[in-house]
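Data block below; observations after.
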Amino acid sequence: MKIVFFGSGGIGGYFGARLAAAGEDVHFIARGRHLAAMKSNGLRVNSPLGDVHLETPQATDDPAQCGPAELVVVGVKLYDTEAAAVAIKPLVGPETTVVSFQNGVHAGQVFSDAFGRDKVIGGSSSIATQIQEPGVILHTGTMASMAFGEWDGEESARVVAFLDACKGAGINATISDDINEVIWSKFIFLSSFSGVTCRFRQSIGPIREDAEKLAIYHQALEETFAVAIAKGVNLKTDLVEKRMAFTEGLPVEMYASMYHDLVNGRRLELPWLSGAVVDLGRQLGIETPAHLDFTDALEPFVEGQT
């Protein structure tokens with residue numbers, strides 16, 4: 001299966017390396033020092049689930065060099081989504097499928113607007129990764145799963161083909177019959193988790209031990225859940241409490257990935273996470289004070305100021 005990963009950081013580098021090591025025809029779109037390191041030293045994944053080293057990955061910064069793919073996997077930061085929709089055009093042919101494993105809830109619409117709804121499937125991943133150094137992906141913990149599916153829940157030939165490729169690579173992957181629910185379930189957690197860990201610049205351990213901060217986090221989950229229900233997303237009524245229970249089991253030292261961007265002075269995905277909750281709440285007439293506080297407090301750092 002010819003798969004192009006547009007964005008070869010934590011998500012694209014990890015899952016792409018697994019698929020390439022299993023024999024799939026994988027191409028990586030990367031840039032800068034990361035691309036240079038991949039070309040000179042290969043792509044390495046350090047993981048509790050087993051390390052991978054691709055000595056000569058197919059990597060470039062020019063999508064046109066790859067030609068049309070069977071599957072284009074987008075894994076760039078949310079602020080690059082619209083630019084990605086333009087950049088991947090050379091990769092999209094008559095038989096191409098596009099799937100985003102980005103955070104947030106707007107990417108599916110962006111790619112559907114660009115290429116047509118029938119060219120796009122939904123996707124979501126659960127994994128903690130980062131670029132440890134150029135050419136090296138660090139996977140922390142053992143969580144590494146993917147879910148994807150057609151918007152109407154059909155188990156189509158293309159999602160089955162991708163599932164088979166993932167299984168062949170030892171990737172924990174599933175086909176979802178309601179991928180919109182999966183995407184929003186993650187968004188409810190991530191928008192709140194990223195907001196609270198960045199707002200207080202603390203890992204989840206100290207936040208859990210502080211009743212006031214934990215209550216703010218719970219409120220943020222409730223706000224995003226209310227927005228999702230108002231949007232017509234099919235969610236289980238006990239989702240918030242399940243997310244609270246899930247949070248209780250997280251490692252004490254765990255932060256959201258946006259926290260690492262914040263402390264390193266990089267641009268933040270805030271406008272597409274807590275900012276999106278606030279914007280949607282205003283459109284739907286739902287109060288979102290916790291997310292508004294996150295957004296206001298972190299606004300000075302959105303463009304990367306330290």
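Scheme for the structure tokens: letters A, B, ... for chains in order shown; per-chain residue numbers from 1; ligand numbers from 1 in order shown.
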
Can you tell me, as a VMD selection string, what residues are no more than 8 Å from His34 (chain A) when counting only C-alpha atoms, ignoring any on the same chain fewer than 5 positions away? chain A and resid 133 to 135

Would you export the selected residues with N, CA and C atoms as a short mmCIF file (atom, residue, chain, number, x, y, z; two decimals), in the first residue's frame, please?
```
data_model
loop_
_atom_site.label_atom_id
_atom_site.label_comp_id
_atom_site.auth_asym_id
_atom_site.auth_seq_id
_atom_site.Cartn_x
_atom_site.Cartn_y
_atom_site.Cartn_z
N GLU A 133 15.12 14.14 18.93
CA GLU A 133 16.13 14.92 18.23
C GLU A 133 15.88 14.70 16.75
N PRO A 134 16.43 15.51 15.88
CA PRO A 134 16.16 15.30 14.45
C PRO A 134 16.43 13.87 14.02
N GLY A 135 15.43 13.28 13.37
CA GLY A 135 15.56 11.91 12.90
C GLY A 135 15.21 10.84 13.92
#
```

Output as a VMD selection string all residues of region 12-183 of chain A that backbone DSSP marks as strand (DSSP E or B). chain A and resid 25 to 29 43 to 46 52 to 54 58 to 60 71 to 74 97 to 100 120 to 133 136 to 149 172 to 175

Using only C-alpha atoms, find the one residue out of A:Leu273, A:Ala211, A:Ile188, A:Ile175 that sits nearest to Val240 (chain A).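 Checking each candidate against Val240 (chain A), we get A:Ile188 as the closest.
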
All residues 7 Å or closer to region 68-79 of chain A, only C-alpha atoms, same chain fewer than 2 positions away omitted, as a PDB file with C-alpha atoms, in the first residue's frame:
```
ATOM      1  CA  MET A   1       0.000   0.000   0.000  1.00  0.00           C
ATOM      2  CA  LYS A   2       1.454   3.359  -1.023  1.00  0.00           C
ATOM      3  CA  ILE A   3       1.085   5.664   1.969  1.00  0.00           C
ATOM      4  CA  VAL A   4       2.398   9.214   2.252  1.00  0.00           C
ATOM      5  CA  PHE A   5       2.737  10.745   5.691  1.00  0.00           C
ATOM      6  CA  PHE A   6       2.430  14.501   5.404  1.00  0.00           C
ATOM      7  CA  GLY A   7       4.086  15.468   8.662  1.00  0.00           C
ATOM      8  CA  ILE A  11       2.489  10.651  14.931  1.00  0.00           C
ATOM      9  CA  GLY A  12       3.672  10.390  11.330  1.00  0.00           C
ATOM     10  CA  CYS A  66       6.044  11.144  -4.418  1.00  0.00           C
ATOM     11  CA  THR A  81      -4.086  22.390   8.254  1.00  0.00           C
ATOM     12  CA  PRO A  90       0.111  16.493  -5.951  1.00  0.00           C
ATOM     13  CA  LEU A  91      -0.457  13.427  -3.773  1.00  0.00           C
ATOM     14  CA  VAL A  92      -4.183  13.201  -4.418  1.00  0.00           C
ATOM     15  CA  GLY A  93      -5.179  11.248  -7.505  1.00  0.00           C
ATOM     16  CA  GLU A  95      -7.942   6.619  -6.168  1.00  0.00           C
ATOM     17  CA  THR A  96      -6.465   8.533  -3.217  1.00  0.00           C
ATOM     18  CA  THR A  97      -7.930   8.647   0.272  1.00  0.00           C
ATOM     19  CA  VAL A  98      -7.007  11.395   2.740  1.00  0.00           C
ATOM     20  CA  VAL A  99      -7.135  10.889   6.505  1.00  0.00           C
ATOM     21  CA  SER A 100      -6.129  13.264   9.282  1.00  0.00           C
ATOM     22  CA  PHE A 101      -4.828  12.111  12.644  1.00  0.00           C
ATOM     23  CA  GLN A 102      -4.499  15.661  13.913  1.00  0.00           C
ATOM     24  CA  ASN A 103      -5.958  16.990  17.117  1.00  0.00           C
ATOM     25  CA  GLU A 269      -2.629  24.879  18.875  1.00  0.00           C
ATOM     26  CA  TRP A 272      -8.152  25.048  17.587  1.00  0.00           C
TER      27      TRP A 272
END
```

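Atom pair CA of Phe301 (chain A) / CA of Leu262 (chain A): separated by 7.1 Å.
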
Which of A:Tyr255, A:Gln202, A:Gly104, A:Ala161 sits closest to Ser185 (chain A) [using only C-alpha atoms]: A:Gly104

Return the single residue from A:Gly149, A:Pro94, A:Gly10, A:Gly170 that is closest to Ala22 (chain A), with distances computed using only C-alpha atoms.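 Selected residue with least distance to Ala22 (chain A): A:Gly170.
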